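**Student:** To start, I am sharing the structure in question, which I have written as structure tokens.
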Amino acid sequence: MSTRFTKWLAGAVLGATAMVGATFGARAEETIKIGVLHSLSGTMAISETTLKDVMLMLIDEQNKKGGVLGKKLEAVVVDPASNWPLFAEKARQLISQDKVSAVFGCWTSVSRKSVLPVFEELNNILFYPVQYEGEESSRNIFYTGAAPNQQAIPAVDYLMAEEGVKRWVLAGTDYVYPRTTNKILEAYLKAKGVAADDIMINYTPFGHSDWQTIVADIKKFGSAGKKTAVVSTINGDANVPFYKELANQGIKATDIPVVAFSVGEEELAGLDTSNLVGHLAAWNYFMSVDVPENAEFIKKWQAYTNNPKRVTNDPMEAHVIGFNMWVKAVEKAGTTDPDKVIDALIGVSVPNLSGGYSTMMPNHHITKPVLIGEIKADGQFDIVSQTPGLIMGDEWSDYLEGSKDLISDWRAPLKCGNFNVATGKCGGSGK
Amino acid sequence: MVISTLSRLRRLCLIAMAILTLAGAGAIGQARAQDVQDTLKLFSGSYDDIQKGIEALAVSGQPTAIEILQALTDNRLLAGADGSLVYKDAAGALHDAATGTVVAAEPAGAKPVRANNRIRRAVEAALGQLTLVSPDPAKRLEAALSVFKSKDQTALPLIETALARETDAKVKTALERAKAALVLYGPGEEPAKLAAVEVIAAQGDQDALAMLAATPSPSPALAAAIKDASDAIEGRLALWSGVQSFYYGISLGSVLLLAAIGLAITFGVMGVINMAHGEMVMIGAYTTFVVQDIIRNSAPWLFDYSLAIALPLAFLVSGAVGILIERVIIRFLYGRPLETLLATFGLSLVLQQAVRSLFGPTNREVGNPAWMSGAFDLGGLTLTYNRMWIIVFSIVVLFVLMVVLRRTAFGLQMRAVTQNRRMAGSMGIRTNWVDMLTFGLGSGIAGIAGVALSQIDNVSPNLGQGYIIDSFMVVVFGGVGNLWGTLVGAMTLGITNKLLEPVAGAVLGKIFVLVALVLFIQRKPRGLFPQKGRAVER
């Protein structure tokens, strides 16, 4: 009896071990997981759903090339539903439960600020693909979108030089990105000798739909006899009624041009652009960039989405760059351990879609060209200006009192996100 | 400018030479042709070159100049690799730019000549000069306005010729203003400039103000005259801006009214807290999109009537969805407001996500028909057509609804059921059916509102969310169950909002309105026009 029992026990243990071993073995052979943290429902779904699709396409494509380090990649898609606290929860779930090696996600600065402590606590990697206001640096976040000096300031320079603009309307949605960007722009314009009277700053709530008063104000402000332009940081859904009102009140780009930082090909898809011809946007990528890399990407994207009319835009390019950088860094580090990959990422250089190379700098921002485009009647942009070289993202603006002495360098000896060059201390001021 | 004078000089020289050498007309023709070729070559160059080309073309007397410039603005002008220039006419046929003759094929390596804002401004100015003597008065008017804007001194002789033979009063005024602008900005004498100030001051709008403010180096007397004129214009505009805020308030009020009017039925009359009301509006807007999409693809000539076609369809679609909701969910929840609130809120999310999966998360393009785009000036006001039609439309909807409620059998039954359900039932009214149809009517009207809102707002799955809070505010503020209250409530909220906006900004203005509303409801919980009598006891 006892022998039988022992035998049974031994068999059971053996079997169990084999099973556990098998699962472990399978786990090791399994996949490298990548988190995709973009809202698929709620207000931001309009912009973020596309980015989820881009990530799926990129991962799919990398798997066809044999994956990374001999393993297949697997996307873990979660839906934070445009709800800022939920972003933090979903990020925690991705890192702790799903054990992802890196996360690609977020759109608004609020959502990024909400997940930042989670990434720092659990020491994982976030690639953030959208232009933002700067004034932040974290060891765990890589900013592949534009900092203000890679978008806002070159756009203002262009308007000054090419259109001779003397009077400025800074119009934005009321939240952190427009407020900080406008603060930087205001300081920059004043440094360039623009009088305070010649700057009008205006904020509106999210989803503002009645623009009659503001457009009339802009028209009035523009009739002071000096060339006037509008710098728009108006976000999301509020743009369509804004441009409709501009067109209806007869403000043409030749009279008062509007340069926007949040309006791309996707946003224009919901608009009749024939009245908007000549209004401008500043980005680091346009679908109309005429280089073979871009043509190939557009072809792949339209084939993947099975829609020959599907457009591409700047944050999509940022994800392409970020993903390729991550792949390269993982291959360089020989592991997917986030801690090692973070160090390996600095200095990695990959082709961007505007015909050059983008490099990850020690401040976790990348180098990019700045393009200025004018809206065409078909909803695409005509690129009217391109910086001759690449511009390096500047996380701490040189035009703000609190941050002009700060730099960020995450390389070995310094390893500091807010080093104060005036006092020589890390964490001197700012955040 | 330099180029244009140069080319004119060169042409004069060439003509003089030609006459001197007695080489005859052939040589002149050849020289001209060469000159035109040089000008046209500029269009293959940089933006600077293109601008020079446009300026040269404007004074060249080239017969195809207008066609070339118009083609440039419409992206129909093509430049070949060898610098040859062709343009496509509206029908798509190719013409040689120099001669205007039809050519068979595009030149090798042809690319559209690109235009940026600077080029477009140059084209506008050039076309202004070229079309000053056009036979079409509308074109002459436009030309006069663009000369007024460009202040291009070379146009002065042309303006004078045009003025001398102008017969249309409106165009004549515009020409006089354009002339005054040129005089004011030109090298003329002081008395002429003073007279010009008067002409411009008489115009009295913001353009005039801008024109006066930017006058180059005025003499003391001129500066004084400009200041007087500007002050007068500013005073007049300040008066109009008050009227303007008021009008914008009515316009915002009409939008709120449209969004709230369906809710005034479902919530106001039936007492159902329908959080999915906004989604009924959204469904109406998407119906408009579908109608326009079909029209664009199969019958483009119907486009101007697309809204008229969409209206009944939106009413039916939203109404049908409303009836479905009432049958499947709401009828089991009558008298349980909290459950209704939660169920309809969940439903609103379901409907949003359904639309998102069906039509995609991005905005859909709903075009404005011609009669709803643009604006017209009334005194110192700029009224946009789309907003104006929405004001009219919202009032019409309100009155039609009132007639339905007061003058039809269905309206009578509806009021009877909501006032005393059991009594109505015992009088032989099928209360069940009346509930269903009432909810359908409220939803259908929300759908109609969606057609109107698609003209001014995004057509996206989130469309309804933006209006649901405002709609409840209007209905509660106006007094539940009273359509007049809804009208007055919407207009009061709209006008207060718009009067506050210039002073406090859009964000603070909205907050003030909300706070004021909360205080008001504290004082008068039943709103502006509370229901009286036995209906209240229900």
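Following the order of the structure tokens, first chain is A, next is B, and so on, with residues numbered from 1 inside each chain and ligands from 1 in the order they appear.
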Could you name the residues that touch Ile273 of chain B at 8 Å or less, counting only C-alpha atoms, but leaving out those on the same chain fewer than 6 positions away, as a PyMOL selection string?

**Tutor:** chain B and resi 266-267+337+340-341+344

**Student:** Compile the residues of chain B that lie within 8 Å of chain A, evaluated using only C-alpha atoms, and express the compilation as number ranges by chain.

**Tutor:** B: 116-118, 120-121, 206-207, 209-214, 245, 248, 252, 353, 361-367, 373-375, 382-385, 456-459, 462, 466, 498, 501-502, 505-507

**Student:** Could you turn the residues from that selection into a file that holds C-alpha atoms, as a PDB file, in the first residue's frame?

**Tutor:**
```pdb
ATOM      1  CA  ASN B 116       2.248  80.094 -50.431  1.00  0.00           C
ATOM      2  CA  ASN B 117       0.476  82.953 -48.704  1.00  0.00           C
ATOM      3  CA  ARG B 118       2.902  85.525 -50.077  1.00  0.00           C
ATOM      4  CA  ARG B 120      -1.454  84.266 -53.101  1.00  0.00           C
ATOM      5  CA  ARG B 121      -1.332  87.858 -51.878  1.00  0.00           C
ATOM      6  CA  GLN B 206     -12.312  97.743 -39.142  1.00  0.00           C
ATOM      7  CA  ASP B 207     -10.524  97.695 -42.490  1.00  0.00           C
ATOM      8  CA  LEU B 209      -9.355 101.662 -39.065  1.00  0.00           C
ATOM      9  CA  ALA B 210      -6.455  99.400 -39.992  1.00  0.00           C
ATOM     10  CA  MET B 211      -5.807 101.472 -43.112  1.00  0.00           C
ATOM     11  CA  LEU B 212      -5.677 104.726 -41.146  1.00  0.00           C
ATOM     12  CA  ALA B 213      -3.570 103.313 -38.317  1.00  0.00           C
ATOM     13  CA  ALA B 214      -0.828 102.190 -40.659  1.00  0.00           C
ATOM     14  CA  SER B 245     -22.391  90.411 -28.370  1.00  0.00           C
ATOM     15  CA  TYR B 248     -23.983  86.195 -30.661  1.00  0.00           C
ATOM     16  CA  LEU B 252     -25.702  80.621 -28.846  1.00  0.00           C
ATOM     17  CA  GLN B 353     -19.013  53.211 -28.931  1.00  0.00           C
ATOM     18  CA  PRO B 361     -13.320  57.451 -34.185  1.00  0.00           C
ATOM     19  CA  THR B 362     -12.330  60.405 -36.379  1.00  0.00           C
ATOM     20  CA  ASN B 363     -14.510  63.371 -37.289  1.00  0.00           C
ATOM     21  CA  ARG B 364     -16.691  63.000 -40.340  1.00  0.00           C
ATOM     22  CA  GLU B 365     -16.944  65.805 -42.819  1.00  0.00           C
ATOM     23  CA  VAL B 366     -20.348  67.380 -43.191  1.00  0.00           C
ATOM     24  CA  GLY B 367     -20.249  70.205 -45.703  1.00  0.00           C
ATOM     25  CA  SER B 373     -21.607  79.365 -45.949  1.00  0.00           C
ATOM     26  CA  GLY B 374     -20.155  82.824 -45.762  1.00  0.00           C
ATOM     27  CA  ALA B 375     -21.330  85.978 -44.129  1.00  0.00           C
ATOM     28  CA  THR B 382     -20.714  90.450 -39.643  1.00  0.00           C
ATOM     29  CA  LEU B 383     -23.490  87.885 -39.646  1.00  0.00           C
ATOM     30  CA  THR B 384     -22.636  84.373 -40.745  1.00  0.00           C
ATOM     31  CA  TYR B 385     -25.313  82.576 -42.715  1.00  0.00           C
ATOM     32  CA  ILE B 456     -21.346  74.248 -36.862  1.00  0.00           C
ATOM     33  CA  ASP B 457     -19.748  71.507 -34.812  1.00  0.00           C
ATOM     34  CA  ASN B 458     -17.771  68.286 -35.191  1.00  0.00           C
ATOM     35  CA  VAL B 459     -19.570  65.233 -36.368  1.00  0.00           C
ATOM     36  CA  ASN B 462     -18.544  62.803 -28.788  1.00  0.00           C
ATOM     37  CA  GLY B 466     -20.904  68.477 -25.274  1.00  0.00           C
ATOM     38  CA  LYS B 498     -21.861  85.963 -24.581  1.00  0.00           C
ATOM     39  CA  GLU B 501     -17.267  86.330 -22.547  1.00  0.00           C
ATOM     40  CA  PRO B 502     -15.544  89.525 -23.771  1.00  0.00           C
ATOM     41  CA  GLY B 505     -13.002  85.152 -21.045  1.00  0.00           C
ATOM     42  CA  ALA B 506     -14.669  81.976 -22.261  1.00  0.00           C
ATOM     43  CA  VAL B 507     -13.605  79.782 -19.354  1.00  0.00           C
TER      44      VAL B 507
END
```

**Student:** Residues within 12 Å of segment 167-174 of chain B, please, as a ChimeraX atom specification. Count only C-alpha atoms; anything in the same chain fewer than 2 positions from it doesn't count.

**Tutor:** /B:132-149,159-165,176-181,199-200,202-203

**Student:** Could the residues in this selection be saved with C-alpha atoms as a compact mmCIF listing (two decimals), in the first residue's frame?

**Tutor:**
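Saved file out_16.txt follows:
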```
# COMPACT_ATOMS: atom_id res chain seq x y z
CA LEU B 132 -10.48 96.47 -62.74
CA VAL B 133 -11.98 96.91 -66.19
CA SER B 134 -13.65 93.50 -66.37
CA PRO B 135 -17.20 93.55 -67.80
CA ASP B 136 -18.53 91.69 -64.73
CA PRO B 137 -19.38 94.18 -61.92
CA ALA B 138 -18.84 91.53 -59.20
CA LYS B 139 -15.30 91.02 -60.51
CA ARG B 140 -14.70 94.77 -60.65
CA LEU B 141 -15.86 95.06 -57.04
CA GLU B 142 -13.52 92.31 -55.96
CA ALA B 143 -10.70 93.94 -57.91
CA ALA B 144 -11.32 97.31 -56.23
CA LEU B 145 -11.26 95.63 -52.82
CA SER B 146 -8.02 93.82 -53.53
CA VAL B 147 -6.37 97.04 -54.72
CA PHE B 148 -7.60 98.66 -51.50
CA LYS B 149 -5.84 95.88 -49.61
CA ILE B 159 -8.18 103.02 -61.01
CA GLU B 160 -8.66 106.49 -62.47
CA THR B 161 -9.59 105.12 -65.88
CA ALA B 162 -11.93 102.64 -64.26
CA LEU B 163 -13.52 105.35 -62.10
CA ALA B 164 -14.16 107.53 -65.11
CA ARG B 165 -16.31 104.96 -66.83
CA GLU B 176 -13.09 105.64 -54.74
CA ARG B 177 -11.98 104.00 -51.52
CA ALA B 178 -9.24 102.11 -53.31
CA LYS B 179 -8.10 105.38 -54.88
CA ALA B 180 -8.16 107.09 -51.48
CA ALA B 181 -6.02 104.29 -50.04
CA VAL B 199 -13.30 109.01 -47.89
CA ILE B 200 -11.82 106.16 -45.86
CA ALA B 202 -16.79 107.32 -44.30
CA GLN B 203 -16.31 103.58 -44.77
```

**Student:** What's the separation between atom CA of Phe43 of chain B and atom CA of Thr131 of chain B, in Å to one decimal place?

**Tutor:**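 Going from atom CA of Phe43 of chain B over to atom CA of Thr131 of chain B, I get 21.0 Å.
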
**Student:** When you look at Ile342 of chain A with a cut-off of 8 Å (counting only C-alpha atoms), what residues show up, excluding the ones that are within fewer than 5 positions of it in the same chain? I need them as a PyMOL selection string.

**Tutor:** chain A and resi 125+139-140

**Student:** Store the residues of this selection in a file with C-alpha atoms, as an mmCIF file, in the first residue's frame.

**Tutor:**
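Heads up, here's the output in part12.cif:
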```cif
data_model
loop_
_atom_site.group_PDB
_atom_site.id
_atom_site.type_symbol
_atom_site.label_atom_id
_atom_site.label_comp_id
_atom_site.auth_asym_id
_atom_site.auth_seq_id
_atom_site.Cartn_x
_atom_site.Cartn_y
_atom_site.Cartn_z
ATOM 1 C CA ILE A 125 10.033 52.580 -20.222
ATOM 2 C CA ARG A 139 14.724 58.691 -16.571
ATOM 3 C CA ASN A 140 11.874 56.377 -17.570
#
```

**Student:** Leaving out Ser44 of chain B and any residue of its chain fewer than 5 positions from it, which residues lie within 7 Å of it when counting only C-alpha atoms, given as a PyMOL selection string?

**Tutor:** chain B and resi 79+83+113

**Student:** If you keep C-alpha atoms, can you produce a file of those selected residues as a PDB file, in the first residue's frame?

**Tutor:**
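The result, stored in result-v6.pdb:
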```
ATOM      1  CA  ALA B  79       5.763  74.263 -65.153  1.00  0.00           C
ATOM      2  CA  GLY B  83      10.760  76.229 -67.871  1.00  0.00           C
ATOM      3  CA  VAL B 113       3.597  75.793 -59.632  1.00  0.00           C
TER       4      VAL B 113
END
```

**Student:** Skip segment 294-306 of chain A itself and residues of its chain fewer than 2 positions away, then list as a list of chain:residue names all residues within 9 Å of it, counting only C-alpha atoms.

**Tutor:** A:Asp53, A:Val54, A:Met57, A:Met287, A:Ser288, A:Val289, A:Asp290, A:Val291, A:Pro292, A:Pro308, A:Lys309, A:Arg310, A:Val311, A:Thr312, A:Asn352, A:Leu353, A:Ser354, A:Gly355

**Student:** Write the residues you've just listed into a file as a tab-separated table (two decimals), in the first residue's frame, and include C-alpha atoms for each of them.

**Tutor:**
```
chain	number	residue	atom	x	y	z
A	53	ASP	CA	-3.08	50.66	-35.00
A	54	VAL	CA	0.37	51.97	-35.90
A	57	MET	CA	1.43	47.31	-37.55
A	287	MET	CA	2.31	63.04	-45.05
A	288	SER	CA	3.34	65.09	-48.09
A	289	VAL	CA	7.08	64.74	-47.38
A	290	ASP	CA	8.44	63.53	-50.70
A	291	VAL	CA	11.06	60.89	-49.84
A	292	PRO	CA	11.08	57.13	-50.56
A	308	PRO	CA	-6.37	53.72	-49.62
A	309	LYS	CA	-7.49	57.11	-48.27
A	310	ARG	CA	-6.06	56.67	-44.78
A	311	VAL	CA	-3.73	59.53	-43.83
A	312	THR	CA	-0.54	59.55	-41.77
A	352	ASN	CA	13.04	59.09	-39.65
A	353	LEU	CA	10.38	59.45	-42.33
A	354	SER	CA	11.50	62.83	-43.62
A	355	GLY	CA	14.63	61.47	-45.22
```

**Student:** If DSSP is run on the backbone, what residues of segment 3-229 of chain B are alpha helix (DSSP H)? A reply as number ranges by chain would be ideal.

**Tutor:** B: 3-20, 25-41, 47-60, 65-73, 117-130, 137-150, 156-165, 169-185, 190-203, 206-213, 220-229

**Student:** I need the residue nearest Ile32 of chain A from this list: A:Ile59, A:Leu185, A:Ile251, A:Ala81. Use only C-alpha atoms for the distance.

**Tutor:**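 For Ile32 of chain A, the nearest of the given residues is A:Ile59.
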
**Student:** Name the residues in contact with Gly322 of chain B at a cut-off of 8 Å, using only C-alpha atoms, excluding same-chain residues fewer than 3 positions from it; report them as a list in words.

**Tutor:**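 So the residues in contact are Met280, Ser318, Gly319, Ile325, Glu326, Phe439, Gly440, Gly442, Ser443 and Gly444 of chain B.
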
**Student:** Produce a file of the selected residues containing C-alpha atoms, as a short mmCIF file (atom, residue, chain, number, x, y, z; two decimals), in the first residue's frame.

**Tutor:**
```
data_model
loop_
_atom_site.label_atom_id
_atom_site.label_comp_id
_atom_site.auth_asym_id
_atom_site.auth_seq_id
_atom_site.Cartn_x
_atom_site.Cartn_y
_atom_site.Cartn_z
CA MET B 280 -29.92 61.19 -30.25
CA SER B 318 -33.52 59.25 -34.10
CA GLY B 319 -37.21 58.86 -33.36
CA ILE B 325 -35.05 52.56 -26.23
CA GLU B 326 -38.41 53.36 -24.68
CA PHE B 439 -40.42 59.62 -26.24
CA GLY B 440 -40.04 59.05 -29.98
CA GLY B 442 -38.53 64.02 -28.17
CA SER B 443 -35.80 61.85 -29.66
CA GLY B 444 -36.79 62.74 -33.22
#
```

**Student:** Quick check, in Å to one decimal: how far apart do atom CA of Met414 of chain B and atom CA of Tyr286 of chain B lie?

**Tutor:** 29.2 Å

**Student:** Expressed in Å to a single decimal, how great is the separation between atom CA of Gly360 of chain B and atom CA of Leu258 of chain B?

**Tutor:**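 Value for the atom CA of Gly360 of chain B-atom CA of Leu258 of chain B distance: 26.2 Å.
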
**Student:** Here is a test: counting only C-alpha atoms, which residue of A:Val156, A:Val259, A:Val330, A:Val115 is nearest to Asn83 of chain A?

**Tutor:**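 Nearest candidate to Asn83 of chain A out of A:Val156, A:Val259, A:Val330, A:Val115: A:Val115.
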